[in-house]
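Have a look at the structure below, then the notes.
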Amino acid sequence: MKSQYKNAEILNRKARHEYSFVQNFNAGIVLAGTEVKSLREGKANLADAYCLFTGTELWIKNLYISEYSFGTYANHNSRKDRKLLLKKAELAKILRRVTEKGMTVIPYRLFFSDRGFVKIEIALAQGKKEFDKRETIKDRENKRELDRIKKIKL
């Protein structure tokens with residue numbers, strides 16, 4: 001069964017520019033009902049979000065999910081900390097790698113799975129240096145130029 005919320009996808013576009021991704025994980029996230037309804041409307045922002053370990057648990061902090069417009073007094077807090085759900089082996093692996101120098105966990109994409117559950121794609125990442133960013137931009141421009149040349153020749 002295909003998900004009817006396939007287009008409700010929130011990306012952190014800045015993350016690809018700032019970090020080089022080493023490994024990706026799909027994690028569940030603990031949410032309230034009004035948070036899920038806001039996400040279905042596409043009203044969230046991953047730009048300022050980051051992940052931290054508290055003991056052996058992984059939490060996402062500063063993830064903005066706007067208040068549900070039809071919510072009542074039981075509406076959620078828009079920037080509360082939310083727990084990420086991963087297998088113990090994955091959590092141990094991420095924790096081991098994060099303790100290394102320069103590694104961090106970046107929330108990259110928020111989406112609905114085929115079963116309708118909210119999932120978040122997190123990436124184990126390493127920060128790029130300024131020259132790495134310039135190199136990435138240069139490679140992208142070279143690729144565009146080659147595509148233009150190929151298109152003209154055809």
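Ordering of the structure tokens sets the chain letters (A, B, ...), residue numbers begin anew at 1 in every chain, and ligands are numbered from 1 in the order given.
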DSSP on the backbone: which residues in region 22-120 of chain A end up as strand (DSSP E or B)? Give the answer as a PyMOL selection string. chain A and resi 22-29+44-45+50-54+57-61+64-65+82-85+103-112+118-120
Could the residues in this selection be saved with N, CA, C and O atoms as a compact mmCIF listing (two decimals), in the first residue's frame?
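again-v7.txt was written with the following content:
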# COMPACT_ATOMS: atom_id res chain seq x y z
N VAL A 22 28.47 10.32 6.36
CA VAL A 22 29.21 9.07 6.41
C VAL A 22 28.24 7.90 6.33
O VAL A 22 28.44 6.96 5.57
N GLN A 23 27.15 7.95 7.12
CA GLN A 23 26.18 6.87 7.14
C GLN A 23 24.81 7.43 7.52
O GLN A 23 24.72 8.34 8.33
N ASN A 24 23.76 6.87 6.93
CA ASN A 24 22.39 7.32 7.20
C ASN A 24 21.63 6.25 7.98
O ASN A 24 21.84 5.06 7.79
N PHE A 25 20.70 6.70 8.83
CA PHE A 25 19.83 5.82 9.59
C PHE A 25 18.42 6.37 9.52
O PHE A 25 18.22 7.59 9.53
N ASN A 26 17.43 5.48 9.48
CA ASN A 26 16.03 5.89 9.59
C ASN A 26 15.58 5.59 11.01
O ASN A 26 15.70 4.47 11.49
N ALA A 27 15.04 6.61 11.67
CA ALA A 27 14.63 6.46 13.06
C ALA A 27 13.17 6.84 13.20
O ALA A 27 12.67 7.71 12.48
N GLY A 28 12.51 6.20 14.14
CA GLY A 28 11.17 6.62 14.51
C GLY A 28 11.29 7.81 15.44
O GLY A 28 12.37 8.14 15.93
N ILE A 29 10.19 8.46 15.70
CA ILE A 29 10.21 9.64 16.57
C ILE A 29 8.94 9.63 17.42
O ILE A 29 7.86 9.29 16.93
N ALA A 44 6.77 22.09 9.38
CA ALA A 44 7.89 21.80 10.26
C ALA A 44 9.16 22.38 9.65
O ALA A 44 9.19 22.70 8.46
N ASN A 45 10.19 22.51 10.49
CA ASN A 45 11.46 23.06 10.02
C ASN A 45 12.61 22.33 10.71
O ASN A 45 12.67 22.27 11.93
N TYR A 50 19.10 19.60 15.95
CA TYR A 50 20.31 18.81 16.14
C TYR A 50 20.00 17.66 17.08
O TYR A 50 18.99 17.66 17.78
N CYS A 51 20.87 16.65 17.08
CA CYS A 51 20.66 15.45 17.90
C CYS A 51 21.72 15.36 18.98
O CYS A 51 22.88 15.67 18.74
N LEU A 52 21.28 14.93 20.18
CA LEU A 52 22.18 14.76 21.31
C LEU A 52 21.89 13.46 22.02
O LEU A 52 20.73 13.03 22.07
N PHE A 53 22.92 12.88 22.62
CA PHE A 53 22.73 11.70 23.45
C PHE A 53 22.51 12.13 24.89
O PHE A 53 23.24 12.97 25.41
N THR A 54 21.50 11.54 25.54
CA THR A 54 21.28 11.69 26.96
C THR A 54 21.34 10.28 27.53
O THR A 54 20.40 9.51 27.37
N GLU A 57 20.16 7.25 25.21
CA GLU A 57 19.04 7.63 24.35
C GLU A 57 19.43 8.79 23.45
O GLU A 57 20.16 9.68 23.86
N LEU A 58 18.91 8.77 22.24
CA LEU A 58 19.17 9.84 21.28
C LEU A 58 17.93 10.74 21.21
O LEU A 58 16.82 10.26 21.02
N TRP A 59 18.15 12.04 21.39
CA TRP A 59 17.07 13.02 21.38
C TRP A 59 17.32 14.04 20.29
O TRP A 59 18.46 14.40 20.01
N ILE A 60 16.23 14.51 19.69
CA ILE A 60 16.34 15.59 18.71
C ILE A 60 15.86 16.85 19.41
O ILE A 60 14.81 16.86 20.06
N LYS A 61 16.65 17.89 19.31
CA LYS A 61 16.35 19.14 19.99
C LYS A 61 16.15 20.24 18.97
O LYS A 61 16.74 20.23 17.90
N TYR A 64 11.38 22.28 14.98
CA TYR A 64 10.18 23.12 15.02
C TYR A 64 9.04 22.42 14.28
O TYR A 64 9.13 22.15 13.09
N ILE A 65 7.97 22.14 15.01
CA ILE A 65 6.72 21.64 14.43
C ILE A 65 5.65 22.63 14.89
O ILE A 65 5.39 22.75 16.08
N ARG A 82 12.35 15.79 21.49
CA ARG A 82 11.64 14.57 21.09
C ARG A 82 12.62 13.41 21.02
O ARG A 82 13.73 13.54 20.52
N LYS A 83 12.18 12.25 21.51
CA LYS A 83 13.03 11.07 21.56
C LYS A 83 13.03 10.36 20.20
O LYS A 83 11.98 10.20 19.58
N LEU A 84 14.21 9.91 19.77
CA LEU A 84 14.33 9.14 18.54
C LEU A 84 14.38 7.66 18.88
O LEU A 84 14.97 7.25 19.87
N LEU A 85 13.74 6.86 18.05
CA LEU A 85 13.62 5.43 18.28
C LEU A 85 14.50 4.67 17.30
O LEU A 85 14.25 4.67 16.10
N MET A 103 32.84 13.94 14.51
CA MET A 103 31.62 13.29 14.05
C MET A 103 30.42 13.85 14.82
O MET A 103 30.51 14.14 16.00
N THR A 104 29.29 13.97 14.13
CA THR A 104 28.06 14.45 14.75
C THR A 104 26.87 13.78 14.09
O THR A 104 26.99 13.16 13.05
N VAL A 105 25.71 13.93 14.72
CA VAL A 105 24.48 13.37 14.18
C VAL A 105 23.61 14.52 13.70
O VAL A 105 23.29 15.43 14.46
N ILE A 106 23.23 14.47 12.43
CA ILE A 106 22.48 15.53 11.79
C ILE A 106 21.12 15.01 11.35
O ILE A 106 21.05 14.01 10.63
N PRO A 107 20.00 15.65 11.74
CA PRO A 107 18.70 15.28 11.18
C PRO A 107 18.61 15.85 9.77
O PRO A 107 18.78 17.05 9.56
N TYR A 108 18.36 14.97 8.80
CA TYR A 108 18.38 15.41 7.41
C TYR A 108 16.99 15.47 6.78
O TYR A 108 16.68 16.42 6.06
N ARG A 109 16.15 14.48 7.04
CA ARG A 109 14.87 14.41 6.33
C ARG A 109 13.79 13.88 7.25
O ARG A 109 14.00 12.93 7.99
N LEU A 110 12.62 14.47 7.20
CA LEU A 110 11.45 14.04 7.95
C LEU A 110 10.40 13.60 6.94
O LEU A 110 10.09 14.35 6.02
N PHE A 111 9.89 12.36 7.07
CA PHE A 111 8.99 11.83 6.06
C PHE A 111 8.03 10.83 6.68
O PHE A 111 8.18 10.42 7.83
N PHE A 112 7.03 10.44 5.91
CA PHE A 112 6.07 9.41 6.31
C PHE A 112 6.45 8.10 5.64
O PHE A 112 6.70 8.06 4.44
N VAL A 118 5.63 8.51 11.08
CA VAL A 118 6.58 9.58 10.86
C VAL A 118 7.98 9.03 11.14
O VAL A 118 8.23 8.45 12.19
N LYS A 119 8.88 9.20 10.19
CA LYS A 119 10.25 8.76 10.33
C LYS A 119 11.17 9.95 10.10
O LYS A 119 10.80 10.91 9.42
N ILE A 120 12.34 9.87 10.68
CA ILE A 120 13.34 10.91 10.46
C ILE A 120 14.62 10.24 10.02
O ILE A 120 15.05 9.24 10.58
Please return, as a ChimeraX atom specification, all residues of chain A that DSSP assigns to helix (DSSP H, G or I) on the basis of the backbone. /A:13-18,33-40,88-98,130-153
Go ahead and write the selection's residues with N, CA and C atoms as a compact mmCIF listing (two decimals), in the first residue's frame.
# COMPACT_ATOMS: atom_id res chain seq x y z
N ARG A 13 18.14 21.15 3.76
CA ARG A 13 18.99 21.31 2.58
C ARG A 13 20.38 21.83 2.92
N LYS A 14 20.47 22.62 3.96
CA LYS A 14 21.74 23.21 4.36
C LYS A 14 22.72 22.15 4.86
N ALA A 15 22.20 21.01 5.34
CA ALA A 15 23.05 19.97 5.91
C ALA A 15 24.02 19.39 4.89
N ARG A 16 23.57 19.17 3.66
CA ARG A 16 24.45 18.62 2.62
C ARG A 16 25.61 19.57 2.32
N HIS A 17 25.37 20.85 2.46
CA HIS A 17 26.41 21.84 2.19
C HIS A 17 27.41 21.92 3.34
N GLU A 18 26.94 21.82 4.57
CA GLU A 18 27.78 21.99 5.74
C GLU A 18 28.53 20.72 6.15
N GLY A 33 -0.37 13.55 18.99
CA GLY A 33 -1.30 13.54 17.87
C GLY A 33 -1.33 14.82 17.09
N THR A 34 -1.29 15.97 17.78
CA THR A 34 -1.34 17.25 17.07
C THR A 34 -0.05 17.50 16.29
N GLU A 35 1.06 16.92 16.76
CA GLU A 35 2.31 17.07 16.02
C GLU A 35 2.24 16.33 14.69
N VAL A 36 1.66 15.15 14.70
CA VAL A 36 1.53 14.37 13.47
C VAL A 36 0.62 15.10 12.48
N LYS A 37 -0.45 15.69 12.98
CA LYS A 37 -1.36 16.43 12.10
C LYS A 37 -0.67 17.64 11.47
N SER A 38 0.16 18.33 12.24
CA SER A 38 0.92 19.45 11.68
C SER A 38 1.92 18.99 10.64
N LEU A 39 2.54 17.84 10.89
CA LEU A 39 3.50 17.31 9.92
C LEU A 39 2.82 16.92 8.62
N ARG A 40 1.62 16.40 8.71
CA ARG A 40 0.87 16.05 7.49
C ARG A 40 0.59 17.28 6.66
N LYS A 88 19.04 -0.89 19.64
CA LYS A 88 20.15 -0.71 20.58
C LYS A 88 21.49 -0.79 19.88
N ALA A 89 21.63 -1.71 18.93
CA ALA A 89 22.90 -1.86 18.22
C ALA A 89 23.21 -0.60 17.41
N GLU A 90 22.20 -0.02 16.78
CA GLU A 90 22.41 1.20 16.00
C GLU A 90 22.79 2.35 16.92
N LEU A 91 22.10 2.47 18.07
CA LEU A 91 22.42 3.53 19.02
C LEU A 91 23.85 3.39 19.53
N ALA A 92 24.27 2.15 19.84
CA ALA A 92 25.64 1.93 20.32
C ALA A 92 26.66 2.32 19.25
N LYS A 93 26.37 1.97 18.00
CA LYS A 93 27.27 2.28 16.90
C LYS A 93 27.40 3.80 16.71
N ILE A 94 26.27 4.49 16.75
CA ILE A 94 26.28 5.95 16.59
C ILE A 94 27.02 6.60 17.75
N LEU A 95 26.75 6.15 18.98
CA LEU A 95 27.40 6.71 20.16
C LEU A 95 28.92 6.53 20.08
N ARG A 96 29.35 5.36 19.63
CA ARG A 96 30.78 5.09 19.49
C ARG A 96 31.42 6.04 18.48
N ARG A 97 30.73 6.26 17.36
CA ARG A 97 31.28 7.13 16.31
C ARG A 97 31.24 8.61 16.70
N VAL A 98 30.22 9.00 17.47
CA VAL A 98 30.10 10.41 17.85
C VAL A 98 31.20 10.80 18.84
N GLU A 130 36.09 24.87 4.74
CA GLU A 130 35.71 25.85 3.73
C GLU A 130 36.14 25.42 2.33
N PHE A 131 37.35 24.85 2.21
CA PHE A 131 37.82 24.44 0.88
C PHE A 131 37.02 23.25 0.35
N ASP A 132 36.49 22.40 1.25
CA ASP A 132 35.64 21.30 0.82
C ASP A 132 34.34 21.83 0.21
N LYS A 133 33.79 22.87 0.81
CA LYS A 133 32.56 23.47 0.30
C LYS A 133 32.79 24.06 -1.09
N ARG A 134 33.92 24.74 -1.24
CA ARG A 134 34.24 25.31 -2.55
C ARG A 134 34.43 24.22 -3.59
N GLU A 135 35.06 23.12 -3.19
CA GLU A 135 35.29 22.00 -4.09
C GLU A 135 33.96 21.39 -4.55
N THR A 136 33.01 21.27 -3.63
CA THR A 136 31.69 20.73 -3.95
C THR A 136 30.98 21.63 -4.96
N ILE A 137 31.05 22.93 -4.75
CA ILE A 137 30.42 23.88 -5.67
C ILE A 137 31.07 23.81 -7.04
N LYS A 138 32.39 23.70 -7.07
CA LYS A 138 33.12 23.62 -8.33
C LYS A 138 32.74 22.35 -9.10
N ASP A 139 32.65 21.22 -8.40
CA ASP A 139 32.25 19.96 -9.04
C ASP A 139 30.84 20.05 -9.61
N ARG A 140 29.93 20.68 -8.87
CA ARG A 140 28.56 20.82 -9.33
C ARG A 140 28.49 21.68 -10.58
N GLU A 141 29.25 22.78 -10.61
CA GLU A 141 29.26 23.65 -11.79
C GLU A 141 29.87 22.94 -13.00
N ASN A 142 30.93 22.16 -12.79
CA ASN A 142 31.54 21.40 -13.89
C ASN A 142 30.55 20.38 -14.45
N LYS A 143 29.81 19.73 -13.59
CA LYS A 143 28.82 18.74 -14.03
C LYS A 143 27.73 19.41 -14.86
N ARG A 144 27.26 20.58 -14.42
CA ARG A 144 26.25 21.32 -15.18
C ARG A 144 26.77 21.70 -16.56
N GLU A 145 28.02 22.14 -16.62
CA GLU A 145 28.62 22.54 -17.89
C GLU A 145 28.72 21.35 -18.84
N LEU A 146 29.14 20.19 -18.32
CA LEU A 146 29.22 18.98 -19.14
C LEU A 146 27.83 18.56 -19.63
N ASP A 147 26.82 18.67 -18.79
CA ASP A 147 25.46 18.33 -19.21
C ASP A 147 24.98 19.26 -20.32
N ARG A 148 25.32 20.55 -20.21
CA ARG A 148 24.94 21.50 -21.26
C ARG A 148 25.60 21.14 -22.59
N ILE A 149 26.87 20.79 -22.54
CA ILE A 149 27.61 20.43 -23.75
C ILE A 149 27.00 19.17 -24.38
N LYS A 150 26.71 18.18 -23.57
CA LYS A 150 26.10 16.94 -24.07
C LYS A 150 24.75 17.22 -24.70
N LYS A 151 23.98 18.10 -24.09
CA LYS A 151 22.65 18.42 -24.60
C LYS A 151 22.74 19.13 -25.96
N ILE A 152 23.72 20.00 -26.11
CA ILE A 152 23.91 20.73 -27.37
C ILE A 152 24.31 19.76 -28.48
N LYS A 153 25.18 18.80 -28.18
CA LYS A 153 25.68 17.85 -29.18
C LYS A 153 24.57 16.89 -29.64
Nearest to Asp48 (chain A), restricted to only C-alpha atoms and choosing among A:Ala74, A:Leu11, A:Arg115, A:Val30, comes out as A:Leu11
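Minimum distance to Ala125 (chain A) across A:Glu100, A:Ala47, A:Glu67, A:Ser113 (counting only C-alpha atoms) occurs at A:Glu100.
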Using only C-alpha atoms, find the one residue out of A:Phe117, A:Tyr68, A:Tyr73, A:Phe21 that sits nearest to Ala8 (chain A). A:Phe117
Separation of CA of Glu9 (chain A) and CA of Gly116 (chain A), in Å? 12.4 Å
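Picture a line from CA of Gly55 (chain A) to CA of Leu86 (chain A); it runs 14.1 Å.
For the choices A:Asp114, A:Asn12, A:Glu41, A:Leu63, the atom-to-atom distance to Lys80 (chain A) is smallest for A:Leu63 when using only C-alpha atoms.
Nearest to Tyr19 (chain A) of all the residues A:Thr99, A:Ser69, A:Gln126, A:Asn62 is A:Gln126, counting only C-alpha atoms.
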Could you check how far CA of Arg79 (chain A) sits from CA of Lys128 (chain A), in Å to one decimal? 27.3 Å
